[in-house]
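Trainee: Structure supplied as my_file22.pdb; contents: PDB, C-alpha atoms, pLDDT in the B column.
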```
ATOM      1  CA  MET A   1       7.076 -12.720  -6.276  1.00 84.00           C
ATOM      2  CA  PRO A   2       6.052 -14.659  -3.165  1.00 88.00           C
ATOM      3  CA  ILE A   3       6.850 -18.331  -2.794  1.00 92.00           C
ATOM      4  CA  PRO A   4       3.942 -20.357  -4.230  1.00 91.00           C
ATOM      5  CA  MET A   5       1.735 -21.884  -1.548  1.00 91.00           C
ATOM      6  CA  GLU A   6       2.328 -25.423  -2.828  1.00 90.00           C
ATOM      7  CA  TYR A   7       5.996 -24.990  -1.875  1.00 90.00           C
ATOM      8  CA  GLN A   8       5.321 -23.171   1.386  1.00 92.00           C
ATOM      9  CA  HIS A   9       3.169 -26.062   2.606  1.00 93.00           C
ATOM     10  CA  ALA A  10       4.909 -28.927   0.797  1.00 96.00           C
ATOM     11  CA  SER A  11       5.984 -30.804   3.947  1.00 96.00           C
ATOM     12  CA  ASP A  12       2.583 -30.553   5.623  1.00 96.00           C
ATOM     13  CA  ASP A  13       0.800 -31.598   2.433  1.00 97.00           C
ATOM     14  CA  PHE A  14       3.173 -34.541   1.991  1.00 98.00           C
ATOM     15  CA  GLU A  15       2.612 -35.716   5.557  1.00 97.00           C
ATOM     16  CA  ARG A  16      -1.161 -35.555   5.004  1.00 98.00           C
ATOM     17  CA  PHE A  17      -0.775 -37.528   1.773  1.00 98.00           C
ATOM     18  CA  LEU A  18       1.326 -40.210   3.502  1.00 98.00           C
ATOM     19  CA  ALA A  19      -1.104 -40.399   6.424  1.00 98.00           C
ATOM     20  CA  ASP A  20      -4.003 -40.836   4.004  1.00 98.00           C
ATOM     21  CA  ALA A  21      -2.178 -43.579   2.082  1.00 98.00           C
ATOM     22  CA  ARG A  22      -1.119 -45.288   5.337  1.00 98.00           C
ATOM     23  CA  GLU A  23      -4.680 -45.349   6.611  1.00 98.00           C
ATOM     24  CA  ARG A  24      -6.104 -46.600   3.302  1.00 98.00           C
ATOM     25  CA  ALA A  25      -3.472 -49.370   3.145  1.00 98.00           C
ATOM     26  CA  ASP A  26      -3.803 -50.250   6.830  1.00 98.00           C
ATOM     27  CA  LEU A  27      -0.041 -49.921   7.283  1.00 98.00           C
ATOM     28  CA  VAL A  28       1.663 -49.126  10.573  1.00 96.00           C
ATOM     29  CA  THR A  29       4.499 -46.742   9.763  1.00 96.00           C
ATOM     30  CA  ARG A  30       5.275 -43.856   7.432  1.00 95.00           C
ATOM     31  CA  ASN A  31       8.356 -45.801   6.270  1.00 96.00           C
ATOM     32  CA  GLN A  32       6.159 -48.678   5.104  1.00 97.00           C
ATOM     33  CA  THR A  33       3.872 -46.167   3.435  1.00 98.00           C
ATOM     34  CA  TRP A  34       6.705 -44.296   1.749  1.00 97.00           C
ATOM     35  CA  THR A  35       8.049 -47.565   0.325  1.00 97.00           C
ATOM     36  CA  MET A  36       4.602 -48.476  -1.025  1.00 98.00           C
ATOM     37  CA  VAL A  37       4.071 -45.045  -2.602  1.00 98.00           C
ATOM     38  CA  ASP A  38       7.572 -45.020  -4.064  1.00 98.00           C
ATOM     39  CA  ALA A  39       7.063 -48.475  -5.564  1.00 98.00           C
ATOM     40  CA  VAL A  40       3.730 -47.526  -7.149  1.00 98.00           C
ATOM     41  CA  LEU A  41       5.248 -44.385  -8.649  1.00 98.00           C
ATOM     42  CA  ARG A  42       8.232 -46.345 -10.009  1.00 98.00           C
ATOM     43  CA  VAL A  43       6.008 -48.997 -11.577  1.00 98.00           C
ATOM     44  CA  PHE A  44       3.936 -46.325 -13.305  1.00 98.00           C
ATOM     45  CA  ARG A  45       7.000 -44.313 -14.351  1.00 98.00           C
ATOM     46  CA  ARG A  46       8.545 -47.350 -16.079  1.00 98.00           C
ATOM     47  CA  ARG A  47       5.705 -47.162 -18.584  1.00 98.00           C
ATOM     48  CA  LEU A  48       6.342 -43.585 -19.698  1.00 98.00           C
ATOM     49  CA  THR A  49       8.856 -41.770 -21.831  1.00 98.00           C
ATOM     50  CA  VAL A  50      10.799 -39.021 -20.098  1.00 98.00           C
ATOM     51  CA  ALA A  51       8.634 -36.348 -21.763  1.00 98.00           C
ATOM     52  CA  GLU A  52       5.429 -38.119 -20.673  1.00 98.00           C
ATOM     53  CA  GLY A  53       6.774 -38.576 -17.162  1.00 98.00           C
ATOM     54  CA  LEU A  54       7.668 -34.923 -16.825  1.00 98.00           C
ATOM     55  CA  ARG A  55       4.197 -33.882 -18.001  1.00 98.00           C
ATOM     56  CA  PHE A  56       2.715 -36.226 -15.397  1.00 98.00           C
ATOM     57  CA  ALA A  57       5.046 -34.926 -12.683  1.00 98.00           C
ATOM     58  CA  GLU A  58       3.873 -31.357 -13.287  1.00 98.00           C
ATOM     59  CA  VAL A  59       0.473 -32.122 -11.731  1.00 98.00           C
ATOM     60  CA  LEU A  60       1.875 -33.851  -8.632  1.00 98.00           C
ATOM     61  CA  PRO A  61       2.391 -32.139  -5.280  1.00 98.00           C
ATOM     62  CA  PRO A  62       6.054 -31.034  -4.943  1.00 98.00           C
ATOM     63  CA  LEU A  63       7.365 -33.818  -2.708  1.00 98.00           C
ATOM     64  CA  VAL A  64       5.465 -36.543  -4.571  1.00 98.00           C
ATOM     65  CA  ARG A  65       6.892 -35.007  -7.769  1.00 98.00           C
ATOM     66  CA  ALA A  66      10.380 -35.344  -6.284  1.00 98.00           C
ATOM     67  CA  MET A  67       9.730 -38.994  -5.412  1.00 98.00           C
ATOM     68  CA  PHE A  68       8.471 -39.630  -8.938  1.00 98.00           C
ATOM     69  CA  VAL A  69      11.645 -38.412 -10.641  1.00 98.00           C
ATOM     70  CA  THR A  70      14.234 -39.621  -8.104  1.00 97.00           C
ATOM     71  CA  ASP A  71      16.572 -42.362  -9.371  1.00 96.00           C
ATOM     72  CA  TRP A  72      14.876 -42.473 -12.777  1.00 97.00           C
ATOM     73  CA  ASP A  73      16.901 -44.319 -15.395  1.00 96.00           C
ATOM     74  CA  VAL A  74      15.974 -41.922 -18.181  1.00 96.00           C
ATOM     75  CA  GLY A  75      17.781 -44.108 -20.716  1.00 97.00           C
ATOM     76  CA  ALA A  76      15.515 -47.100 -20.133  1.00 96.00           C
ATOM     77  CA  ALA A  77      12.865 -47.774 -22.751  1.00 97.00           C
ATOM     78  CA  PRO A  78       9.281 -47.716 -21.465  1.00 97.00           C
ATOM     79  CA  VAL A  79       7.581 -51.047 -20.877  1.00 98.00           C
ATOM     80  CA  ALA A  80       3.970 -51.833 -21.714  1.00 98.00           C
ATOM     81  CA  PHE A  81       1.191 -51.556 -19.188  1.00 98.00           C
ATOM     82  CA  ALA A  82       0.330 -54.985 -17.835  1.00 98.00           C
ATOM     83  CA  SER A  83      -2.510 -56.504 -15.852  1.00 98.00           C
ATOM     84  CA  ARG A  84      -3.279 -54.991 -12.455  1.00 97.00           C
ATOM     85  CA  ALA A  85      -2.100 -58.212 -10.809  1.00 98.00           C
ATOM     86  CA  ALA A  86       1.231 -58.154 -12.669  1.00 98.00           C
ATOM     87  CA  MET A  87       1.866 -54.502 -11.865  1.00 98.00           C
ATOM     88  CA  THR A  88       0.900 -55.083  -8.225  1.00 98.00           C
ATOM     89  CA  ALA A  89       3.445 -57.911  -8.035  1.00 98.00           C
ATOM     90  CA  GLU A  90       5.982 -55.497  -9.528  1.00 98.00           C
ATOM     91  CA  VAL A  91       5.101 -52.936  -6.818  1.00 98.00           C
ATOM     92  CA  GLN A  92       5.527 -55.550  -4.106  1.00 98.00           C
ATOM     93  CA  ALA A  93       8.923 -56.602  -5.493  1.00 97.00           C
ATOM     94  CA  VAL A  94      10.458 -53.124  -5.050  1.00 97.00           C
ATOM     95  CA  ARG A  95      12.720 -53.431  -1.994  1.00 92.00           C
ATOM     96  CA  GLY A  96      11.012 -56.769  -1.385  1.00 87.00           C
ATOM     97  CA  ASN A  97      12.410 -57.415   2.089  1.00 89.00           C
ATOM     98  CA  HIS A  98      11.139 -54.044   3.295  1.00 91.00           C
ATOM     99  CA  ASN A  99       7.934 -53.778   1.300  1.00 94.00           C
ATOM    100  CA  PHE A 100       4.596 -54.257   3.045  1.00 96.00           C
ATOM    101  CA  ALA A 101       2.447 -53.071   0.134  1.00 97.00           C
ATOM    102  CA  PRO A 102      -0.938 -54.794   0.180  1.00 97.00           C
ATOM    103  CA  ASP A 103      -2.530 -56.302  -2.905  1.00 98.00           C
ATOM    104  CA  THR A 104      -4.518 -53.062  -3.148  1.00 98.00           C
ATOM    105  CA  ALA A 105      -1.401 -50.841  -3.210  1.00 98.00           C
ATOM    106  CA  ILE A 106      -2.041 -49.272  -6.609  1.00 98.00           C
ATOM    107  CA  ASP A 107      -5.678 -48.537  -5.729  1.00 98.00           C
ATOM    108  CA  VAL A 108      -4.657 -47.138  -2.351  1.00 98.00           C
ATOM    109  CA  VAL A 109      -2.033 -44.793  -3.781  1.00 98.00           C
ATOM    110  CA  ALA A 110      -4.384 -43.802  -6.609  1.00 98.00           C
ATOM    111  CA  ALA A 111      -7.084 -42.828  -4.096  1.00 98.00           C
ATOM    112  CA  ALA A 112      -4.674 -40.905  -1.860  1.00 98.00           C
ATOM    113  CA  LEU A 113      -3.109 -39.164  -4.844  1.00 98.00           C
ATOM    114  CA  GLY A 114      -6.534 -38.330  -6.249  1.00 98.00           C
ATOM    115  CA  ALA A 115      -7.322 -36.541  -3.001  1.00 98.00           C
ATOM    116  CA  ALA A 116      -4.040 -34.589  -3.169  1.00 97.00           C
ATOM    117  CA  VAL A 117      -4.042 -33.300  -6.757  1.00 98.00           C
ATOM    118  CA  ASP A 118      -6.123 -30.968  -8.885  1.00 97.00           C
ATOM    119  CA  GLY A 119      -8.528 -33.492 -10.403  1.00 97.00           C
ATOM    120  CA  ALA A 120      -9.085 -31.617 -13.664  1.00 98.00           C
ATOM    121  CA  ALA A 121      -5.360 -31.118 -14.278  1.00 98.00           C
ATOM    122  CA  PHE A 122      -4.708 -34.771 -13.421  1.00 98.00           C
ATOM    123  CA  GLU A 123      -7.337 -35.929 -15.917  1.00 97.00           C
ATOM    124  CA  ARG A 124      -5.946 -33.638 -18.620  1.00 97.00           C
ATOM    125  CA  VAL A 125      -2.451 -35.038 -18.250  1.00 98.00           C
ATOM    126  CA  LEU A 126      -3.684 -38.650 -18.202  1.00 98.00           C
ATOM    127  CA  THR A 127      -5.495 -38.034 -21.480  1.00 96.00           C
ATOM    128  CA  GLY A 128      -2.155 -37.370 -23.179  1.00 96.00           C
ATOM    129  CA  LEU A 129      -0.415 -40.442 -21.779  1.00 98.00           C
ATOM    130  CA  PRO A 130      -0.253 -43.968 -23.252  1.00 96.00           C
ATOM    131  CA  GLN A 131      -3.166 -46.373 -23.212  1.00 92.00           C
ATOM    132  CA  GLY A 132      -3.318 -47.851 -19.734  1.00 97.00           C
ATOM    133  CA  ALA A 133      -2.307 -44.729 -17.798  1.00 98.00           C
ATOM    134  CA  ARG A 134      -5.883 -43.767 -16.930  1.00 97.00           C
ATOM    135  CA  ASP A 135      -6.677 -47.358 -15.891  1.00 97.00           C
ATOM    136  CA  PHE A 136      -3.576 -47.442 -13.681  1.00 98.00           C
ATOM    137  CA  TRP A 137      -4.845 -44.479 -11.650  1.00 98.00           C
ATOM    138  CA  ALA A 138      -8.541 -45.450 -11.711  1.00 96.00           C
ATOM    139  CA  VAL A 139      -9.916 -45.958  -8.225  1.00 89.00           C
TER     140      VAL A 139
END
```
What's the structure tokens form of this structure?
Mentor:
Amino acid sequence: MPIPMEYQHASDDFERFLADARERADLVTRNQTWTMVDAVLRVFRRRLTVAEGLRFAEVLPPLVRAMFVTDWDVGAAPVAFASRAAMTAEVQAVRGNHNFAPDTAIDVVAAALGAAVDGAAFERVLTGLPQGARDFWAV
């Protein structure tokens, strides 16, 4: 069996995703962008069980999927979805001294991710996640 295309082009696809997020956020570097994306993924992940998170990860591009599961404290209980402002503050607090995430960080990452995933598969997985998941990723 040949290597699936999503793995053959994972690095190029990830660079395009980061460039899209960087442009949407008006950030300067890929490091700033990576920190913003990582923070948004962590804030969302905190609100899911491990089983829910793994279902969500299945629809992500390979390197975004890896970011999503890296350093996950799988023993932590999920927290409730909060207001957009509260979750944005949570995003901005991740690695606070090195985080340049704008107030629109969740929207920015949601838009860039929406352009990088299979929309139908993404919607299907969101339907099975807790109340608030769809709103989190709404652009």
Trainee: Considering all atoms listed in the file, return as a list of chain:residue names whatever protein or nucleic-acid residues lie within 7 Å of Met36 of chain A, sequence-local ones (same chain, fewer than 4 positions apart) excluded.
Mentor: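 Returned residues: A:Gln32, A:Val40, A:Asn99, A:Ala101, A:Ala105.
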Trainee: Report the residues retrieved by the PyMOL selection byres ((chain A and resi 47) around 7) from the displayed file, expressed as a list in words.
Mentor: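 Checking the PyMOL selection byres ((chain A and resi 47) around 7) against this file, the residues are Phe44, Arg45, Arg46, Leu48, Pro78, Val79, Ala80 and Phe81 of chain A.
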Trainee: Give me, as a list in words, all polymer residues having an atom no more than 12 Å from His98 of chain A, counting all atoms listed in the file and skipping those fewer than 4 positions away in the same chain.
Mentor: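 In the requested form, the answer reads Thr29, Asn31, Gln32, Thr33, Trp34, Thr35, Met36, Ala39, Val91, Gln92, Ala93 and Val94 of chain A.
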Trainee: Near Leu18 of chain A, counting all atoms listed in the file, which residues have an atom at most 7 Å away, once you skip same-chain residues fewer than 2 positions from it, shown as a list in words?
Mentor: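 Skipping anything fewer than 2 positions along the chain leaves Phe14, Glu15, Arg16, Asp20, Ala21, Arg22, Arg30, Thr33 and Trp34 of chain A.
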Trainee: Could you give me the centre and size, in Å to one decimal, of an axis-aligned box around all listed atoms of segment 131-136 of chain A with 8 Å added on every side, as AutoDock Vina command-line options?
Mentor:
```
--center_x -4.5 --center_y -45.8 --center_z -18.4 --size_x 20.4 --size_y 20.1 --size_z 25.5
```
Trainee: As JSON, numbers by chain, please: the residues near Glu90 of chain A (cut-off 10 Å, only C-alpha atoms, same-chain neighbours under 5 positions excluded).
Mentor: {"A": [39, 40, 42, 43, 84, 85, 96]}
Trainee: Using only C-alpha atoms, which residues sit within 8 Å of Val139 of chain A once same-chain residues fewer than 2 positions away are excluded, as a compact mmCIF listing (two decimals) with C-alpha atoms, in the coordinates of the input?
Mentor:
```txt
# COMPACT_ATOMS: atom_id res chain seq x y z
CA ASP A 107 -5.68 -48.54 -5.73
CA VAL A 108 -4.66 -47.14 -2.35
CA ALA A 110 -4.38 -43.80 -6.61
CA ALA A 111 -7.08 -42.83 -4.10
CA TRP A 137 -4.84 -44.48 -11.65
```
Trainee: Neighbourhood query: residues within 8 Å of (-2.3, -53.1, 6.1), file coordinates, counting only C-alpha atoms; return as a list in words.
Mentor: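 Those within range, by chain then number, are Arg22, Ala25, Asp26, Leu27, Val28, Phe100, Ala101 and Pro102 of chain A.
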